[in-house]
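See below for coords_1.cif, which holds mmCIF, C-alpha atoms and all ligand atoms.
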data_structure
loop_
_atom_site.label_atom_id
_atom_site.label_comp_id
_atom_site.auth_asym_id
_atom_site.auth_seq_id
_atom_site.Cartn_x
_atom_site.Cartn_y
_atom_site.Cartn_z
CA MET A 30 103.51 70.90 91.27
CA LYS A 31 104.32 74.35 92.57
CA PHE A 32 101.70 73.83 95.28
CA LEU A 33 103.31 70.55 96.34
CA ILE A 34 106.76 72.13 96.58
CA SER A 35 105.46 74.91 98.77
CA ILE A 36 103.84 72.34 101.11
CA VAL A 37 107.08 70.38 101.40
CA LEU A 38 109.02 73.58 101.98
CA PHE A 39 106.54 74.76 104.58
CA THR A 40 106.74 71.43 106.45
CA PHE A 41 110.53 71.55 106.29
CA LEU A 42 110.66 75.06 107.73
CA GLN A 43 108.22 74.15 110.45
CA THR A 44 110.31 71.13 111.46
CA CYS A 45 113.40 73.32 111.64
CA SER A 46 111.79 75.95 113.80
CA GLN A 47 110.43 73.29 116.15
CA SER A 48 113.85 71.77 116.70
CA ASN A 49 115.11 75.16 117.88
CA GLN A 50 112.69 75.19 120.80
CA PRO A 51 114.45 75.04 124.16
CA ILE A 52 114.06 71.79 126.06
CA LYS A 53 111.75 72.28 129.00
CA THR A 54 113.00 71.06 132.38
CA SER A 55 111.53 71.18 135.84
CA SER A 56 114.15 71.73 138.52
CA MET A 57 111.72 71.03 141.37
CA GLU A 58 111.08 67.46 140.30
CA ASN A 59 113.53 64.67 140.84
CA LYS A 60 114.87 63.18 137.59
CA ASP A 61 115.13 59.69 139.12
CA ALA A 62 111.43 59.76 139.92
CA LYS A 63 110.24 60.76 136.46
CA ASN A 64 108.32 57.50 136.07
CA ASN A 65 106.48 58.27 139.29
CA PRO A 66 103.44 60.49 138.55
CA TYR A 67 102.70 60.96 142.27
CA TYR A 68 106.09 62.40 143.16
CA SER A 69 106.12 66.12 144.02
CA ARG A 70 108.10 68.33 146.40
CA THR A 71 105.43 71.01 146.28
CA ASP A 72 102.11 69.16 146.29
CA THR A 73 101.22 67.98 149.81
CA THR A 74 97.84 66.44 148.92
CA LYS A 75 97.34 63.13 150.72
CA LEU A 76 97.89 60.10 148.47
CA TYR A 77 95.79 56.94 148.51
CA ILE A 78 97.70 54.60 146.20
CA SER A 79 97.50 50.81 146.44
CA ASN A 80 100.64 48.71 146.90
CA GLU A 81 99.79 47.03 143.63
CA GLU A 82 100.19 50.41 141.93
CA TRP A 83 103.34 51.36 143.87
CA LYS A 84 104.93 48.05 142.91
CA LYS A 85 104.72 49.05 139.24
CA ILE A 86 106.33 52.44 139.93
CA LEU A 87 108.98 52.05 142.64
CA PRO A 88 112.40 50.36 142.41
CA ALA A 89 112.35 46.95 144.18
CA ASP A 90 114.57 48.01 147.12
CA LEU A 91 112.47 51.09 147.83
CA TYR A 92 109.21 49.15 147.50
CA ALA A 93 110.41 46.54 150.02
CA VAL A 94 111.29 49.15 152.65
CA ALA A 95 108.56 51.72 152.01
CA ARG A 96 105.58 49.42 151.42
CA GLU A 97 106.58 46.20 153.22
CA ALA A 98 108.51 47.76 156.13
CA ALA A 99 111.75 45.95 155.32
CA THR A 100 114.96 47.34 156.83
CA GLU A 101 118.06 47.96 154.76
CA ARG A 102 121.27 46.42 156.06
CA ALA A 103 123.16 48.56 158.59
CA PHE A 104 126.06 50.66 157.26
CA THR A 105 124.99 50.16 153.63
CA GLY A 106 122.73 53.18 153.09
CA LYS A 107 123.87 56.12 150.97
CA TYR A 108 123.04 58.68 153.70
CA ASN A 109 124.54 56.85 156.68
CA GLU A 110 127.83 58.74 156.52
CA PHE A 111 126.71 61.89 154.80
CA ASP A 112 126.73 65.44 156.14
CA GLU A 113 125.84 67.81 153.31
CA VAL A 114 123.58 70.80 153.97
CA GLY A 115 120.08 70.58 152.57
CA GLU A 116 116.68 68.93 152.85
CA TYR A 117 115.53 65.31 152.99
CA TYR A 118 112.36 64.25 151.19
CA CYS A 119 110.33 61.05 151.02
CA ALA A 120 111.77 58.97 148.16
CA VAL A 121 108.30 57.65 147.34
CA CYS A 122 106.25 60.86 147.14
CA GLY A 123 108.58 63.88 147.60
CA ASN A 124 107.09 64.99 150.94
CA HIS A 125 109.50 67.02 153.13
CA LEU A 126 110.75 65.00 156.11
CA PHE A 127 114.00 66.32 157.61
CA ARG A 128 116.42 69.23 157.53
CA SER A 129 120.15 68.37 157.50
CA THR A 130 120.70 70.46 160.68
CA SER A 131 118.78 67.82 162.65
CA LYS A 132 120.99 64.97 161.39
CA PHE A 133 123.63 63.65 163.75
CA ALA A 134 126.44 61.09 163.63
CA SER A 135 125.05 57.94 165.17
CA SER A 136 126.87 54.63 165.42
CA CYS A 137 123.76 52.58 164.70
CA GLY A 138 124.44 52.19 160.96
CA TRP A 139 121.49 54.13 159.60
CA PRO A 140 121.04 57.87 158.99
CA SER A 141 119.81 59.43 162.23
CA PHE A 142 117.98 62.65 163.01
CA PHE A 143 116.86 64.20 166.31
CA GLU A 144 113.89 66.04 164.82
CA ALA A 145 111.42 65.48 161.95
CA ASP A 146 109.18 67.86 160.04
CA LYS A 147 105.91 67.73 162.02
CA GLU A 148 103.96 68.06 158.79
CA GLY A 149 105.99 65.29 157.18
CA VAL A 150 105.66 62.25 159.45
CA TYR A 151 103.32 60.37 161.77
CA TYR A 152 103.81 57.49 164.20
CA LYS A 153 102.48 54.01 164.85
CA ARG A 154 103.24 51.52 167.59
CA ASP A 155 105.11 48.56 166.10
CA LEU A 156 105.10 45.28 168.03
CA THR A 157 106.65 43.08 165.32
CA TYR A 158 109.77 40.91 165.84
CA GLY A 159 109.09 40.71 169.59
CA MET A 160 109.99 44.38 170.09
CA ASP A 161 107.99 47.39 171.18
CA ARG A 162 108.98 50.19 168.85
CA VAL A 163 107.53 53.35 167.31
CA GLU A 164 107.32 53.24 163.54
CA VAL A 165 107.76 56.47 161.54
CA LEU A 166 105.66 56.88 158.41
CA CYS A 167 105.26 59.52 155.69
CA LYS A 168 102.15 61.64 156.25
CA ARG A 169 101.50 62.07 152.54
CA CYS A 170 101.91 58.54 151.17
CA ASP A 171 101.90 56.29 154.31
CA SER A 172 105.27 54.79 153.41
CA HIS A 173 107.42 53.19 156.11
CA LEU A 174 110.51 55.31 156.80
CA GLY A 175 112.07 53.76 159.91
CA HIS A 176 111.66 53.94 163.70
CA VAL A 177 112.12 56.57 166.39
CA PHE A 178 113.84 55.86 169.73
CA ASP A 179 114.27 57.92 172.89
CA ASP A 180 118.06 57.64 173.14
CA GLY A 181 118.90 60.58 170.88
CA PRO A 182 120.85 63.79 171.62
CA LYS A 183 119.52 67.11 172.91
CA PRO A 184 117.38 69.10 172.42
CA THR A 185 114.71 66.46 171.69
CA GLY A 186 116.35 63.29 173.05
CA LEU A 187 114.97 61.47 170.04
CA ARG A 188 116.73 59.33 167.46
CA TYR A 189 114.92 58.94 164.17
CA CYS A 190 116.58 55.86 162.72
CA MET A 191 115.82 56.01 158.99
CA ASN A 192 116.39 53.85 155.94
CA SER A 193 118.51 55.70 153.37
CA VAL A 194 116.52 54.22 150.51
CA SER A 195 113.35 55.91 151.84
CA LEU A 196 115.05 59.31 151.77
CA GLU A 197 116.04 61.65 149.01
CA PHE A 198 118.46 64.47 149.66
CA ALA A 199 118.39 67.86 147.91
CA PRO A 200 121.32 70.21 148.64
CA ASP A 201 120.69 73.86 149.45
CA LEU A 202 121.09 76.13 146.45
CA GLN A 203 124.33 78.13 146.45
CA ASN A 204 123.92 81.87 147.08
ZN ZN A 301 105.86 59.89 151.16
#

Now that the file is in, can you turn its structure into structure tokens?
Amino acid sequence: MKFLISIVLFTFLQTCSQSNQPIKTSSMENKDAKNNPYYSRTDTTKLYISNEEWKKILPADLYAVAREAATERAFTGKYNEFDEVGEYYCAVCGNHLFRSTSKFASSCGWPSFFEADKEGVYYKRDLTYGMDRVEVLCKRCDSHLGHVFDDGPKPTGLRYCMNSVSLEFAPDLQN
């Protein structure tokens, strides 16, 4: 009997001490993407994930744009009229794409940048819908981000016309 009591007491004490453990958090990872095991803002390893797999992980609106090259409606995106200072990452995989200093106010209805992170994106000629355009894709996960046009401001003359849903903004940390 005495033995049993000591076991119960021991278990009780152990449970108590466990509940006092601090909750572990990771500030580098995006909380919204916690169901996405491929998401990382630090790991730049190339991803080879099937659309079948992405469909299980991504929200429907992001899947449609990123994996099926849909375009969100103009003037509806969360970053269209947005000028906070920080970094923009791929909403699918966390790869770095743009710095806020390259964002400019464009009247086209989508967030626009004049320069992309060279390590973040690559390009493909896009002849769909009877147009000749240059598609912009994420170098890490091959997701569709938007298109780039040559009517942008100096110094590059480029206009990266992006879908807000494909982007994820992280503000600079306060000093
Ligand atoms: Zn990506």

Residues of chain A at most 9 Å from ligand ZN 301 (chain A): nearest atom pair and distance in Å, only C-alpha atoms and all ligand atoms, as a tab-separated table:
residue	atom	partner	partner_atom	distance
A:Tyr68	CA	A:ZN301	ZN	8.4
A:Leu76	CA	A:ZN301	ZN	8.4
A:Ala95	CA	A:ZN301	ZN	8.6
A:Tyr118	CA	A:ZN301	ZN	7.8
A:Cys119	CA	A:ZN301	ZN	4.6
A:Ala120	CA	A:ZN301	ZN	6.7
A:Val121	CA	A:ZN301	ZN	5.1
A:Cys122	CA	A:ZN301	ZN	4.2
A:Gly123	CA	A:ZN301	ZN	6.0
A:Asn124	CA	A:ZN301	ZN	5.3
A:His125	CA	A:ZN301	ZN	8.2
A:Leu126	CA	A:ZN301	ZN	8.6
A:Gly149	CA	A:ZN301	ZN	8.1
A:Val150	CA	A:ZN301	ZN	8.6
A:Leu166	CA	A:ZN301	ZN	7.9
A:Cys167	CA	A:ZN301	ZN	4.6
A:Lys168	CA	A:ZN301	ZN	6.5
A:Arg169	CA	A:ZN301	ZN	5.1
A:Cys170	CA	A:ZN301	ZN	4.2
A:Asp171	CA	A:ZN301	ZN	6.2
A:Ser172	CA	A:ZN301	ZN	5.6
A:His173	CA	A:ZN301	ZN	8.5
A:Leu174	CA	A:ZN301	ZN	8.6
A:Ser195	CA	A:ZN301	ZN	8.5

Counting all atoms listed in the file, which residue out of A:Thr100, A:Met191, A:Asp112, A:Val163 sits closest to Pro140 of chain A?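 Residue with the minimum atom-to-atom distance to Pro140 of chain A: A:Met191.
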
Can you pull out the residues contacting Phe111 of chain A? Cut-off 10 Å, using only C-alpha atoms, and skip same-chain residues under 2 positions away; I want them as a PDB file with C-alpha atoms, keeping the file's coordinate frame.
ATOM      1  CA  GLY A 106     122.730  53.180 153.090  1.00  0.00           C
ATOM      2  CA  LYS A 107     123.870  56.120 150.970  1.00  0.00           C
ATOM      3  CA  TYR A 108     123.040  58.680 153.700  1.00  0.00           C
ATOM      4  CA  ASN A 109     124.540  56.850 156.680  1.00  0.00           C
ATOM      5  CA  GLU A 113     125.840  67.810 153.310  1.00  0.00           C
ATOM      6  CA  VAL A 114     123.580  70.800 153.970  1.00  0.00           C
ATOM      7  CA  SER A 129     120.150  68.370 157.500  1.00  0.00           C
ATOM      8  CA  LYS A 132     120.990  64.970 161.390  1.00  0.00           C
ATOM      9  CA  PHE A 133     123.630  63.650 163.750  1.00  0.00           C
ATOM     10  CA  ALA A 134     126.440  61.090 163.630  1.00  0.00           C
ATOM     11  CA  PRO A 140     121.040  57.870 158.990  1.00  0.00           C
TER      12      PRO A 140
END

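Compared by their closest atoms to Leu196 of chain A, and using only C-alpha atoms, the residues A:Arg128, A:Tyr117, A:Glu144, A:Cys137 rank with A:Tyr117 nearest.
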
Atom-to-atom span, atom CA of Glu110 of chain A and atom CA of Ala89 of chain A, Å: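 Between atom CA of Glu110 of chain A and atom CA of Ala89 of chain A the gap works out to 23.0 Å.
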
Pro88 of chain A environment, 10 Å, only C-alpha atoms, sequence neighbours closer than 5 positions dropped, as a ChimeraX atom specification: /A:62,83,93,121,194

Based on the selection just made, write C-alpha atoms of those residues as a compact mmCIF listing (two decimals), in the frame of the given file.
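And here's out_9.txt as it stands now:
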# COMPACT_ATOMS: atom_id res chain seq x y z
CA ALA A 62 111.43 59.76 139.92
CA TRP A 83 103.34 51.36 143.87
CA ALA A 93 110.41 46.54 150.02
CA VAL A 121 108.30 57.65 147.34
CA VAL A 194 116.52 54.22 150.51

Of the candidates A:Glu82, A:Glu148, A:Arg96, A:Gly115, which one gets nearest to Leu202 of chain A if we count all atoms listed in the file? A:Gly115

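Take atom CA of Gly138 of chain A and atom CA of Gly181 of chain A: the distance between them is 14.1 Å.
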
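Nearest to Glu164 of chain A of all the residues A:Cys190, A:Pro182, A:Pro66, A:Phe142 is A:Cys190, based on all atoms listed in the file.
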
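Atom CA of Val177 of chain A is found 25.7 Å from atom CA of Asp201 of chain A.
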
Best match for closeness to Leu187 of chain A among A:Asn65, A:Ser79, A:Ser131, A:Gln203, counting only C-alpha atoms: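 For Leu187 of chain A, the nearest of the given residues is A:Ser131.
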
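Of the listed residues (A:Asp146, A:Lys153, A:Trp139, A:Phe198), A:Trp139 comes nearest to Glu101 of chain A; the distances count only C-alpha atoms.
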